[in-house]
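K.L.:
This is the structure I have questions about; it appears just below.
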Amino acid sequence: MTEAPRRHPDWKKIVSTALFLLLLGLLIWYVYMHREEMSKLLSLTPETIAQLIGLGLASAVVNGLYHKVVLDTYNLRMTVIDWFGVVCVSNSMAYVLPMRADLVFSATYYKRVTGLAYTKSVSMGAGNAVFGVGFSLLQIIVALLCMGLIEGFWSPVLWGLTALGTAALGFFLWLSQRTEGRLLTKLSRHKLVVDVIAGFNALIRNRKLLWKLLLCMVGSNLAHILTNVVCFRAVGVPITLYAALFYTSVGWLASVVAIVPGNIGLRESVMGVATLALGSLFNEGVAASLLNRVTMMIVYIALGLVFAVPVLRRFNRGKGSLLTNEDPAQAESTAAESVNLPQP
């Protein structure tokens with residue numbers, strides 16, 4: 001009688017859960033200690049609530065269109081459920097599951113329902129994340145220039161951090177191009193790095209796709225900028241559009257690596273530090289970030305509940321068979337295809 005293999009503890013989940021409980025506890029404690037300032041969030045006017053919900057819905061729609069543009073490059077047959085429904089359900093999951101489990105669900109869904117290879121979906125999503133980081137850094141530079149030229153505010157710390165981020169992005173761009181040669185073989189064992197580089201290389205080669213994604217990203221960021229304006233105004237801190245641009249970009253960067261569900265506590269801390277850097281109070285940034293978070297949670301959870309049944313029904317009916325059209329229409333020769341990535 002063979003002995004069942006011993007299961008090793010999943011330290012990633014254990015650490016992520018412990019961090020989640022710690023950060024959630026710290027956030028609850030902080031909100032309690034500043035309950036007088038946070039009480040403003042409970043006395044919003046109907047007009048403010050309507051503005052926030054409307055902007056949240058607009059952001060969700062643009063986010064769905066962004067994913068549809070990416071998926072269209074694979075010539076997949078999709079319904080609204082396959083792109084907008086999955087986006088809503090996966091974003092709802094992101095608030096309760098750690099380590100970007102929402103991306104895993106999306107990749108698994110497209111493999112089962114449309115036949116899109118799992119690793120291709122993951123690698124393209126990873127490449128999009130790098131594209132988003134570059135776009136956010138560009139927005140931060142624009143915002144800092146506006147602050148300096150209009151207000152005379154030149155922060156060596158903020159400019160230094162932005163320079164470091166830009167240098168890191170530049171190194172990644174250099175590395176992604178080097179993978180076309182011998183370096184690719186050396187990195188083949190590091191699946192995460194290969195996925196990110198492969199997806200990014202496929203993205204930058206598809207110029208038509210880049211322009212479409214850029215338009216979607218501009219629309220999405222416009223909705224987030226206006227949302228931040230409304231959130232800061234609701235907590236009693238009117239801000240300029242370029243300050244909102246800065247906060248939007250910093251908030252997005254703080255949510256890239258989700259080590260705890262929704263990056264709860266981390267995003268609020270980063271926003272608090274960002275407001276301090278611009279001369280406002282830490283608690284004002286935390287309050288505005290909380291209001292922003294609650295708005296998007298309400299929108300995505302409501303939409304997720306609407307699409308949960310049809311999404312899960314299509315997911316359960318999927319067979320996971322691969323199609324012949326799983327390669328991008330505009331980028332057939334990519335780094336992802338030149339690496340023998342294992343299927344899960």
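Chain labels A, B, ... are given in the sequence in which chains occur in the structure tokens; within each chain residues are numbered consecutively from 1, and ligands are likewise numbered from 1 in the order shown.
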Within 12 Å of Leu144 (chain A), counting only C-alpha atoms, which residues qualify if same-chain residues fewer than 5 places away don't, as a list in words?

P.N.:
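Within the cut-off, the hits are Leu137, Leu138, Gln139, Leu149, Ile150, Glu151, Gly152, Phe153, Trp154, Ser155, Pro156, Val157, Leu158, Trp159, Gly160, Leu161, Thr162, Ala163, Leu241, Tyr242, Ala243, Ala244, Leu245, Phe246, Tyr247, Ser249, Ala277 and Leu278 of chain A.
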
K.L.:
Where does DSSP see alpha helix (DSSP H) in region 222-292 of chain A, if you list the residues as a PyMOL selection string?

P.N.:
chain A and resi 222-234+241-253+266-277+282-292

K.L.:
Closest to Ala94 (chain A) among A:Ser289, A:Asn263, A:Asn201, A:Gln51, using only C-alpha atoms?

P.N.:
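Comparing A:Ser289, A:Asn263, A:Asn201, A:Gln51 against Ala94 (chain A), the winner is A:Asn263.
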
K.L.:
So how many Å separate CA of Gly170 (chain A) and CA of Asn228 (chain A), to one decimal?

P.N.:
28.9 Å

K.L.:
Just the residues within 12 Å of Phe282 (chain A), please, counting only C-alpha atoms, with nothing from its chain fewer than 6 positions along; format it as a PyMOL selection string.

P.N.:
chain A and resi 30-31+34+37+237+268-276+288-289

K.L.:
Could the residues in this selection be saved with C-alpha atoms as a PDB file, in the first residue's frame?

P.N.:
ATOM      1  CA  TYR A  30      -6.344  53.864  11.917  1.00  0.00           C
ATOM      2  CA  VAL A  31      -9.897  54.598  10.785  1.00  0.00           C
ATOM      3  CA  HIS A  34      -9.390  59.185  13.051  1.00  0.00           C
ATOM      4  CA  GLU A  37     -12.254  62.923   9.972  1.00  0.00           C
ATOM      5  CA  VAL A 237      -9.510  68.736   0.060  1.00  0.00           C
ATOM      6  CA  GLU A 268      -4.196  53.512   1.442  1.00  0.00           C
ATOM      7  CA  SER A 269      -0.748  53.865   3.001  1.00  0.00           C
ATOM      8  CA  VAL A 270       0.833  54.763  -0.332  1.00  0.00           C
ATOM      9  CA  MET A 271      -1.870  57.353  -1.001  1.00  0.00           C
ATOM     10  CA  GLY A 272      -1.362  58.802   2.473  1.00  0.00           C
ATOM     11  CA  VAL A 273       2.357  59.171   1.847  1.00  0.00           C
ATOM     12  CA  ALA A 274       1.629  60.710  -1.571  1.00  0.00           C
ATOM     13  CA  THR A 275      -0.603  63.378  -0.017  1.00  0.00           C
ATOM     14  CA  LEU A 276       2.088  64.116   2.556  1.00  0.00           C
ATOM     15  CA  ALA A 288      -9.901  59.688  -0.234  1.00  0.00           C
ATOM     16  CA  SER A 289      -8.375  56.313  -1.075  1.00  0.00           C
TER      17      SER A 289
END

K.L.:
With distances taken over only C-alpha atoms, which residue among A:Val87, A:Leu215, A:Ile141, A:Val309 lies nearest Leu103 (chain A)?

P.N.:
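Looking at the shortest contact to Leu103 (chain A), the residue is A:Val87.
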
K.L.:
CA of Gly56 (chain A) and CA of Gly25 (chain A), how far apart in Å?

P.N.:
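CA of Gly56 (chain A) lies 26.6 Å from CA of Gly25 (chain A).
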